[in-house]
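> TSV, C-alpha atoms, saved as coords-v3.tsv, coming up:
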chain	number	residue	atom	x	y	z
A	781	MET	CA	-9.04	-2.40	-29.30
A	782	THR	CA	-5.34	-1.81	-28.71
A	783	THR	CA	-2.97	0.99	-27.87
A	784	GLY	CA	0.30	0.04	-29.57
A	785	THR	CA	0.63	-3.60	-28.60
A	786	ALA	CA	-1.29	-3.27	-25.32
A	787	LEU	CA	-4.76	-4.81	-25.16
A	788	MET	CA	-7.35	-2.56	-23.56
A	789	LYS	CA	-8.96	-3.89	-20.40
A	790	ASP	CA	-12.73	-4.37	-20.54
A	791	VAL	CA	-14.96	-2.54	-18.06
A	792	ILE	CA	-16.80	-4.98	-15.77
A	793	GLY	CA	-18.98	-2.30	-14.23
A	794	ILE	CA	-19.33	1.02	-12.43
A	795	TYR	CA	-20.25	0.78	-8.75
A	796	ARG	CA	-21.69	3.24	-6.25
A	797	PRO	CA	-21.04	2.99	-2.50
A	798	GLY	CA	-22.68	-0.13	-1.11
A	799	SER	CA	-22.92	1.24	2.44
A	800	THR	CA	-22.45	4.44	4.41
A	801	HIS	CA	-21.49	4.45	8.09
A	802	MET	CA	-19.32	5.99	10.79
A	803	VAL	CA	-16.04	4.40	11.82
A	804	GLY	CA	-15.67	5.38	15.46
A	805	ASP	CA	-16.82	8.97	15.83
A	806	GLY	CA	-14.30	10.56	13.48
A	807	PHE	CA	-14.50	8.86	10.09
A	808	PRO	CA	-17.75	9.11	8.09
A	809	VAL	CA	-17.20	6.63	5.26
A	810	ARG	CA	-18.78	5.47	2.04
A	811	ASN	CA	-17.75	1.88	1.37
A	812	LEU	CA	-17.14	0.66	-2.21
A	813	PHE	CA	-16.04	-2.85	-1.27
A	814	PRO	CA	-16.55	-5.37	0.20
A	815	SER	CA	-20.14	-4.04	0.29
A	816	ASN	CA	-20.46	-4.53	-3.49
A	817	GLU	CA	-19.22	-8.15	-3.28
A	818	LEU	CA	-16.21	-7.62	-5.52
A	819	ASP	CA	-13.67	-9.83	-3.73
A	820	ARG	CA	-12.43	-11.64	-6.83
A	821	GLU	CA	-12.57	-8.57	-9.08
A	822	VAL	CA	-10.46	-6.31	-6.82
A	823	SER	CA	-8.06	-8.79	-5.12
A	824	PRO	CA	-5.54	-8.20	-3.54
A	825	PHE	CA	-7.57	-5.25	-2.22
A	826	LEU	CA	-10.12	-6.13	0.46
A	827	MET	CA	-11.74	-2.82	1.37
A	828	LEU	CA	-12.10	0.76	0.17
A	829	ASP	CA	-13.58	3.26	2.63
A	830	TYR	CA	-13.95	6.84	1.38
A	831	ALA	CA	-13.97	9.24	4.35
A	832	GLY	CA	-15.53	12.67	3.87
A	833	PRO	CA	-14.91	15.28	2.82
A	834	GLN	CA	-16.64	16.45	5.99
A	835	TYR	CA	-16.16	19.44	8.27
A	836	PHE	CA	-15.70	18.76	11.99
A	837	THR	CA	-16.30	21.45	14.60
A	838	PRO	CA	-13.53	22.26	17.11
A	839	THR	CA	-13.23	19.94	20.11
A	840	ALA	CA	-10.85	19.35	23.00
A	841	HIS	CA	-11.37	15.60	22.66
A	842	PRO	CA	-10.07	14.28	19.31
A	843	ARG	CA	-12.51	12.10	17.41
A	844	GLY	CA	-11.49	8.79	15.90
A	845	VAL	CA	-11.19	5.08	16.62
A	846	GLY	CA	-9.72	3.73	19.84
A	847	GLU	CA	-7.62	0.61	20.40
A	848	HIS	CA	-8.49	-2.23	18.04
A	849	PRO	CA	-6.57	-5.18	16.52
A	850	HIS	CA	-5.77	-6.36	12.98
A	851	ARG	CA	-4.27	-9.57	11.61
A	852	GLY	CA	-3.67	-11.00	8.14
A	853	PHE	CA	-3.59	-7.89	5.94
A	854	GLU	CA	-2.36	-4.30	5.52
A	855	THR	CA	-4.10	-0.96	6.08
A	856	VAL	CA	-3.28	1.95	3.75
A	857	THR	CA	-4.50	5.43	4.72
A	858	ILE	CA	-4.23	8.30	2.23
A	859	VAL	CA	-5.03	11.79	3.58
A	860	TYR	CA	-6.23	14.59	1.30
A	861	ALA	CA	-7.35	17.10	3.96
A	862	GLY	CA	-7.04	17.15	7.74
A	863	MET	CA	-4.56	15.45	10.04
A	864	VAL	CA	-4.68	11.88	11.38
A	865	ALA	CA	-2.61	10.56	14.30
A	866	HIS	CA	-1.66	6.88	14.60
A	867	ARG	CA	-0.23	4.83	17.47
A	868	ASP	CA	0.28	1.05	17.65
A	869	SER	CA	1.42	-1.75	19.92
A	870	ALA	CA	4.69	-2.19	18.01
A	871	GLY	CA	5.81	1.24	19.20
A	872	ASN	CA	5.07	3.14	15.99
A	873	ALA	CA	3.45	6.56	16.17
A	874	GLY	CA	3.05	9.42	13.73
A	875	VAL	CA	0.85	12.05	12.12
A	876	ILE	CA	-0.08	12.21	8.45
A	877	GLY	CA	-1.55	15.23	6.69
A	878	PRO	CA	-2.54	16.28	3.17
A	879	GLY	CA	-0.76	14.15	0.56
A	880	ASP	CA	0.76	11.75	3.11
A	881	VAL	CA	0.22	7.98	3.28
A	882	GLN	CA	0.39	5.52	6.17
A	883	TRP	CA	1.04	1.89	5.21
A	884	MET	CA	0.67	-0.51	8.13
A	885	THR	CA	1.33	-4.22	7.64
A	886	ALA	CA	-0.59	-5.88	10.47
A	887	ALA	CA	0.51	-9.41	9.42
A	888	SER	CA	0.66	-11.63	12.56
A	889	GLY	CA	-1.14	-9.04	14.64
A	890	ILE	CA	-1.03	-5.48	15.84
A	891	VAL	CA	-3.21	-3.20	17.95
A	892	HIS	CA	-3.56	0.45	17.00
A	893	GLU	CA	-5.65	3.60	17.28
A	894	GLU	CA	-6.44	6.36	14.79
A	895	PHE	CA	-7.62	9.80	15.89
A	896	HIS	CA	-7.83	13.31	14.49
A	897	GLU	CA	-4.54	15.00	15.38
A	898	LYS	CA	-4.89	17.18	18.52
A	899	GLU	CA	-4.35	20.60	16.93
A	900	PHE	CA	-6.56	19.72	13.97
A	901	ALA	CA	-9.28	18.63	16.38
A	902	LYS	CA	-8.83	21.75	18.51
A	903	ASN	CA	-9.14	24.10	15.54
A	904	GLY	CA	-11.71	22.11	13.59
A	905	GLY	CA	-11.54	21.50	9.87
A	906	THR	CA	-12.34	19.26	6.94
A	907	LEU	CA	-11.30	15.62	6.93
A	908	HIS	CA	-10.90	13.91	3.55
A	909	ALA	CA	-9.20	10.51	3.29
A	910	ILE	CA	-9.27	7.00	1.88
A	911	GLN	CA	-8.49	3.79	3.73
A	912	LEU	CA	-7.69	0.60	1.85
A	913	TRP	CA	-7.24	-2.90	3.21
A	914	VAL	CA	-4.78	-5.01	1.22
A	915	ASN	CA	-4.75	-8.77	1.62
A	916	LEU	CA	-1.61	-10.76	2.40
A	917	PRO	CA	-0.88	-14.21	0.95
A	918	LYS	CA	-0.92	-17.13	3.37
A	919	THR	CA	2.89	-17.20	3.45
A	920	SER	CA	2.97	-13.63	4.83
A	921	LYS	CA	-0.07	-13.52	7.12
A	922	MET	CA	1.91	-14.51	10.21
A	923	SER	CA	5.05	-12.51	9.46
A	924	ALA	CA	6.21	-9.67	11.71
A	925	PRO	CA	4.19	-6.42	11.58
A	926	SER	CA	5.74	-3.34	9.98
A	927	TYR	CA	4.88	0.31	9.40
A	928	GLN	CA	5.65	2.93	6.76
A	929	THR	CA	5.03	6.67	6.98
A	930	ILE	CA	5.18	7.99	3.41
A	931	LEU	CA	5.26	11.78	3.29
A	932	ASN	CA	3.94	13.78	0.35
A	933	THR	CA	7.46	15.02	-0.38
A	934	ALA	CA	8.66	11.43	-0.95
A	935	ILE	CA	5.98	10.60	-3.53
A	936	PRO	CA	7.04	11.23	-7.16
A	937	ALA	CA	4.69	13.50	-9.12
A	938	ILE	CA	4.65	13.26	-12.92
A	939	GLU	CA	3.12	15.99	-15.06
A	940	LEU	CA	1.07	14.67	-17.97
A	941	GLU	CA	1.40	15.91	-21.52
A	942	GLY	CA	-0.18	19.29	-22.17
A	943	GLY	CA	-0.34	20.22	-18.50
A	944	LEU	CA	-3.78	18.62	-18.17
A	945	GLY	CA	-2.97	16.29	-15.32
A	946	ARG	CA	-0.56	14.90	-12.78
A	947	VAL	CA	0.14	11.42	-11.39
A	948	ARG	CA	1.53	10.79	-7.91
A	949	VAL	CA	3.09	7.32	-7.74
A	950	ILE	CA	2.45	5.85	-4.28
A	951	ALA	CA	3.28	2.23	-5.18
A	952	GLY	CA	4.49	0.48	-8.31
A	953	SER	CA	5.85	2.48	-11.22
A	954	PHE	CA	4.58	4.95	-13.80
A	955	GLN	CA	6.61	6.16	-16.77
A	956	GLY	CA	9.77	4.82	-15.16
A	957	ARG	CA	9.21	6.48	-11.77
A	958	ASN	CA	8.88	4.18	-8.77
A	959	GLY	CA	6.61	4.80	-5.81
A	960	PRO	CA	8.14	4.69	-2.29
A	961	ALA	CA	5.73	2.13	-0.77
A	962	ARG	CA	7.19	-1.30	-0.05
A	963	THR	CA	4.53	-3.87	-0.92
A	964	VAL	CA	4.31	-7.59	-0.17
A	965	THR	CA	2.57	-8.41	-3.46
A	966	PRO	CA	2.89	-6.45	-6.73
A	967	ILE	CA	0.66	-3.36	-6.45
A	968	GLU	CA	0.20	-0.19	-8.50
A	969	LEU	CA	-1.35	2.73	-6.61
A	970	TYR	CA	-1.59	6.13	-8.32
A	971	ASP	CA	-3.14	9.37	-7.14
A	972	LEU	CA	-4.35	11.02	-10.35
A	973	HIS	CA	-5.43	14.61	-10.96
A	974	LEU	CA	-7.01	15.41	-14.32
A	975	ARG	CA	-8.30	18.73	-15.56
A	976	ALA	CA	-11.44	18.78	-17.69
A	977	GLY	CA	-10.47	17.32	-21.06
A	978	GLY	CA	-7.35	15.65	-19.68
A	979	ALA	CA	-6.44	11.98	-20.07
A	980	ALA	CA	-4.00	9.50	-18.55
A	981	SER	CA	-2.67	6.43	-20.34
A	982	VAL	CA	-1.89	3.66	-17.85
A	983	ASP	CA	-0.07	0.40	-18.63
A	984	LEU	CA	-0.46	-2.40	-16.10
A	985	PRO	CA	0.79	-5.99	-15.85
A	986	GLU	CA	-1.28	-8.50	-17.81
A	987	GLY	CA	-3.61	-10.51	-15.58
A	988	HIS	CA	-3.69	-8.00	-12.73
A	989	ASN	CA	-6.96	-6.67	-11.36
A	990	ALA	CA	-7.49	-2.94	-11.81
A	991	SER	CA	-10.00	-0.26	-10.89
A	992	SER	CA	-10.24	3.52	-10.79
A	993	PHE	CA	-12.07	5.33	-8.00
A	994	VAL	CA	-13.41	8.78	-8.81
A	995	MET	CA	-13.24	10.85	-5.65
A	996	GLN	CA	-14.21	14.14	-7.23
A	997	GLY	CA	-15.32	15.18	-10.70
A	998	ARG	CA	-16.38	12.89	-13.53
A	999	ALA	CA	-14.24	10.50	-15.56
A	1000	SER	CA	-14.46	7.46	-17.82
A	1001	GLY	CA	-12.11	4.52	-18.28
A	1002	ASN	CA	-11.78	2.49	-21.49
A	1003	GLY	CA	-15.22	3.43	-22.71
A	1004	PRO	CA	-17.94	6.04	-22.97
A	1005	ASP	CA	-19.59	5.43	-19.59
A	1006	ALA	CA	-18.42	7.88	-16.94
A	1007	ALA	CA	-18.24	7.58	-13.17
A	1008	GLY	CA	-19.07	10.47	-10.87
A	1009	GLU	CA	-18.16	11.32	-7.30
A	1010	ALA	CA	-17.51	8.28	-5.07
A	1011	GLU	CA	-17.97	5.78	-7.91
A	1012	LEU	CA	-15.65	2.91	-8.84
A	1013	ILE	CA	-14.84	1.67	-12.35
A	1014	VAL	CA	-13.77	-2.00	-12.25
A	1015	TYR	CA	-11.83	-3.57	-15.14
A	1016	GLY	CA	-11.32	-7.18	-16.18
A	1017	ARG	CA	-8.07	-9.06	-15.65
A	1018	SER	CA	-7.34	-9.57	-19.34
A	1019	GLY	CA	-5.46	-6.80	-21.07
A	1020	SER	CA	-2.91	-4.37	-19.75
A	1021	HIS	CA	-4.00	-0.86	-20.77
A	1022	VAL	CA	-6.40	1.69	-19.30
A	1023	THR	CA	-7.12	5.17	-20.65
A	1024	ILE	CA	-8.81	7.47	-18.13
A	1025	GLU	CA	-10.46	10.62	-19.47
A	1026	ALA	CA	-11.99	13.44	-17.42
A	1027	SER	CA	-14.97	15.52	-18.52
A	1028	GLU	CA	-14.62	17.67	-15.37
A	1029	ASP	CA	-11.72	18.52	-13.11
A	1030	SER	CA	-11.26	15.18	-11.34
A	1031	ARG	CA	-9.31	13.39	-8.66
A	1032	ILE	CA	-9.00	9.64	-9.13
A	1033	LEU	CA	-7.29	6.81	-7.28
A	1034	VAL	CA	-6.00	4.06	-9.60
A	1035	LEU	CA	-5.60	0.64	-7.95
A	1036	ALA	CA	-4.11	-2.48	-9.50
A	1037	GLY	CA	-2.48	-5.63	-8.22
A	1038	ARG	CA	-1.76	-9.29	-8.72
A	1039	PRO	CA	-4.74	-11.32	-7.46
A	1040	ILE	CA	-4.25	-13.57	-4.45
A	1041	GLU	CA	-5.95	-16.84	-5.38
A	1042	GLU	CA	-6.56	-18.14	-1.87
A	1043	PRO	CA	-9.64	-18.61	0.33
A	1044	ILE	CA	-10.71	-15.54	2.32
A	1045	ALA	CA	-12.12	-15.88	5.84
A	1046	ARG	CA	-13.17	-12.62	7.54
A	1047	TYR	CA	-14.22	-11.71	11.04
A	1048	GLY	CA	-14.22	-8.01	11.89
A	1049	PRO	CA	-10.60	-6.81	11.95
A	1050	PHE	CA	-9.14	-10.21	11.02
A	1051	VAL	CA	-8.70	-11.63	7.49
A	1052	MET	CA	-7.28	-15.14	7.25
A	1053	ASN	CA	-7.70	-18.24	5.05
A	1054	THR	CA	-9.79	-20.46	7.36
A	1055	GLN	CA	-12.36	-20.18	10.14
A	1056	ALA	CA	-9.97	-21.96	12.50
A	1057	GLU	CA	-7.38	-19.24	11.89
A	1058	LEU	CA	-9.98	-16.60	12.74
A	1059	VAL	CA	-10.76	-18.33	16.03
A	1060	GLN	CA	-7.03	-18.40	16.79
A	1061	ALA	CA	-6.76	-14.66	15.97
A	1062	VAL	CA	-9.56	-13.79	18.39
A	1063	ASN	CA	-8.01	-15.95	21.12
A	1064	ASP	CA	-4.55	-14.46	20.56
A	1065	TYR	CA	-5.90	-10.92	20.79
A	1066	ARG	CA	-7.81	-11.67	23.99
A	1067	ALA	CA	-4.66	-13.25	25.44
A	1068	GLY	CA	-2.70	-10.07	24.73
A	1069	LYS	CA	-0.43	-11.67	22.12
A	1070	MET	CA	-0.94	-8.74	19.74
A	1071	GLY	CA	-0.02	-6.26	22.45
A	1072	HIS	CA	-2.01	-3.37	23.89
A	1073	LEU	CA	-1.71	0.40	24.03
A	1074	ARG	CA	-1.00	2.18	27.28
Starting from the coordinates I provided, produce the structure as structure tokens.

Amino acid sequence: MTTGTALMKDVIGIYRPGSTHMVGDGFPVRNLFPSNELDREVSPFLMLDYAGPQYFTPTAHPRGVGEHPHRGFETVTIVYAGMVAHRDSAGNAGVIGPGDVQWMTAASGIVHEEFHEKEFAKNGGTLHAIQLWVNLPKTSKMSAPSYQTILNTAIPAIELEGGLGRVRVIAGSFQGRNGPARTVTPIELYDLHLRAGGAASVDLPEGHNASSFVMQGRASGNGPDAAGEAELIVYGRSGSHVTIEASEDSRILVLAGRPIEEPIARYGPFVMNTQAELVQAVNDYRAGKMGHLR
């Protein structure tokens, strides 16, 4: 089946969260991968944690995750409700709120913390967010860390035909509009709103992995089978076109990227190519080579 000259991507499957757990004491997450063992199908993405939506009661002591290291990949945090504060050993600090994105390239190593922002914690409220981990190729794993705060106002929003939807372009391009995120490998990341009966036509590079995560509502992609809340539609690499249709008002995150065809070695907050590199990462962190927070 084609749209113009674009070959439709096949649907590999629809996946529910493979695990549910707390990250620290502030982020209740449903994990879509790696818990569903989709490394090859979603590369360069390594992890998708869906946090909330959950209401937190007021507290004088912000909830979250204290000092911890990362090496070998990037963390991408997208906030839909609530406020999240970040601080790291490279001297970066900031707060992101609804519509904002934090893109941290850990690369050779960084130590950071993530907490509910103080006023948000004091007043209480609903937290709703997604965190992605994005792999880095071997040639970039030991490069210098970097950090991007991407505010909602900097993210292009494109209204779809008929007023039945809107696409925010976080990374990559959509209908000629480029997202503000600077990425190491080619990535498309779209925040999609569809009203019931709305549809989005998405063209992606041939050979790239692609998936669509339904946060809220109900939507299908390239076929009759629909995904509901917190479900992930995964597409094959062949083809370059995806049509997403919503049967209910829906919010969907579209992820696509060029696969990284390299070995993956994981240990907690480190993602490298070999076990020896993981041992080195642990030793470097313990020796303080990734820095610490005061």
> Taking all atoms listed in the file into account, which of A:Glu1028, A:Ser953, A:Ile1044, A:His1021 comes nearest A:Gly1008?
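Nearest to A:Gly1008: A:Glu1028.
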> Would you please work out which residue, of A:Ala934, A:Val994, A:Ile1040, A:Ala999, is nearest to A:Asp880 when using only C-alpha atoms?
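Distance minimum relative to A:Asp880 lands on A:Ala934.
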> Return the single residue from A:Val947, A:Ile930, A:Leu826, A:Ala1045 that is closest to A:Ile876, with distances computed using all atoms listed in the file.
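So, comparing all the options, the nearest one is A:Ile930.
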> Using all atoms listed in the file - which residues lie no farther than 8 Å from the point (4.2, 11.2, -6.4) in the file's frame? Write them as a ChimeraX atom specification.
/A:932-938,947-950,959,970-971
> For the residues in the current selection, export C-alpha atoms as a PDB file, in the coordinates of the input.

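Saved file selection04.pdb follows:
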ATOM      1  CA  ASN A 932       3.940  13.780   0.350  1.00  0.00           C
ATOM      2  CA  THR A 933       7.460  15.020  -0.380  1.00  0.00           C
ATOM      3  CA  ALA A 934       8.660  11.430  -0.950  1.00  0.00           C
ATOM      4  CA  ILE A 935       5.980  10.600  -3.530  1.00  0.00           C
ATOM      5  CA  PRO A 936       7.040  11.230  -7.160  1.00  0.00           C
ATOM      6  CA  ALA A 937       4.690  13.500  -9.120  1.00  0.00           C
ATOM      7  CA  ILE A 938       4.650  13.260 -12.920  1.00  0.00           C
ATOM      8  CA  VAL A 947       0.140  11.420 -11.390  1.00  0.00           C
ATOM      9  CA  ARG A 948       1.530  10.790  -7.910  1.00  0.00           C
ATOM     10  CA  VAL A 949       3.090   7.320  -7.740  1.00  0.00           C
ATOM     11  CA  ILE A 950       2.450   5.850  -4.280  1.00  0.00           C
ATOM     12  CA  GLY A 959       6.610   4.800  -5.810  1.00  0.00           C
ATOM     13  CA  TYR A 970      -1.590   6.130  -8.320  1.00  0.00           C
ATOM     14  CA  ASP A 971      -3.140   9.370  -7.140  1.00  0.00           C
TER      15      ASP A 971
END
> What does the distance between atom CA of A:Gln996 and atom CA of A:Asn958 come to in Å, to one decimal place?
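Atom-to-atom, atom CA of A:Gln996 and atom CA of A:Asn958 are spaced 25.2 Å apart.
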> Could you jot down the atom CA of A:Tyr860 to atom CA of A:Tyr1015 separation for me, Å, one decimal place?
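Rounded to one decimal, the two atoms are 25.1 Å apart.
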> I'd like the interatomic distance between atom CA of A:Arg1046 and atom CA of A:Ala1010, to a tenth of an Å.
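A separation of 24.8 Å between them.
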> Find the residue from A:Gly871, A:Pro985, A:Gly806, A:Pro833 that sits nearest to A:Glu894; use only C-alpha atoms when measuring.
A:Gly806
> Neighbours of A:Met827 within 7 Å (all atoms listed in the file; same-chain residues fewer than 3 positions away dropped), as a PyMOL selection string?
chain A and resi 813-814+912-913
> Have a look at A:Val891, A:Ala786, A:Glu897, A:Val964 and name the one nearest to A:Lys1069; count all atoms listed in the file.
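For A:Lys1069, the nearest of the given residues is A:Val891.
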> Give as a PyMOL selection string every residue, naming chains and numbers as the document does, that has an atom within 8 Å of (-12.5, 2.0, 13.9), counting all atoms listed in the file.
chain A and resi 803-804+844-846+848+893-894
> Got a sec: who's within 10 Å of A:Asn903, counting all atoms listed in the file, leaving out chain neighbours fewer than 2 positions off, as a tab-separated table (two decimals) with C-alpha atoms, in the coordinates of the input?

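Saved as result39.tsv:
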chain	number	residue	atom	x	y	z
A	836	PHE	CA	-15.70	18.76	11.99
A	837	THR	CA	-16.30	21.45	14.60
A	838	PRO	CA	-13.53	22.26	17.11
A	839	THR	CA	-13.23	19.94	20.11
A	840	ALA	CA	-10.85	19.35	23.00
A	898	LYS	CA	-4.89	17.18	18.52
A	899	GLU	CA	-4.35	20.60	16.93
A	900	PHE	CA	-6.56	19.72	13.97
A	901	ALA	CA	-9.28	18.63	16.38
A	905	GLY	CA	-11.54	21.50	9.87
> Using all atoms listed in the file, which residue out of A:Leu916, A:Ala1061, A:His841, A:Gly877 lies closest to A:Pro1043?
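Of A:Leu916, A:Ala1061, A:His841, A:Gly877, the one nearest A:Pro1043, counting all atoms listed in the file, is A:Leu916.
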> As AutoDock Vina command-line options, please report the centre and edge lengths, rounded to one decimal in Å, of the axis-aligned box that holds all listed atoms of stretch 830-837 of chain A with 4 Å of padding on each of the six sides.

--center_x -15.3 --center_y 14.1 --center_z 8.0 --size_x 10.7 --size_y 22.6 --size_z 21.2
> Do a neighbour search on stretch 1055-1059 of chain A at 12 Å with only C-alpha atoms, toss out local chain neighbours closer than 6 positions, and write the hits as a ChimeraX atom specification.
/A:850-852,888-889,918,921-922,1043-1049,1065-1066
> What are the nearest atom pairs, with distances in Å to one decimal, for all residues of stretch 828-901 of chain A that come at most 7 Å from stretch 923-927 of chain A, using only C-alpha atoms, set out by chain and rising residue number as JSON lines?

{"residue": "A:Trp883", "atom": "CA", "partner": "A:Tyr927", "partner_atom": "CA", "distance": 5.9}
{"residue": "A:Met884", "atom": "CA", "partner": "A:Tyr927", "partner_atom": "CA", "distance": 4.5}
{"residue": "A:Thr885", "atom": "CA", "partner": "A:Ser926", "partner_atom": "CA", "distance": 5.1}
{"residue": "A:Ala886", "atom": "CA", "partner": "A:Pro925", "partner_atom": "CA", "distance": 4.9}
{"residue": "A:Ala887", "atom": "CA", "partner": "A:Pro925", "partner_atom": "CA", "distance": 5.2}
{"residue": "A:Ser888", "atom": "CA", "partner": "A:Ser923", "partner_atom": "CA", "distance": 5.4}
{"residue": "A:Gly889", "atom": "CA", "partner": "A:Pro925", "partner_atom": "CA", "distance": 6.7}
{"residue": "A:Ile890", "atom": "CA", "partner": "A:Pro925", "partner_atom": "CA", "distance": 6.8}
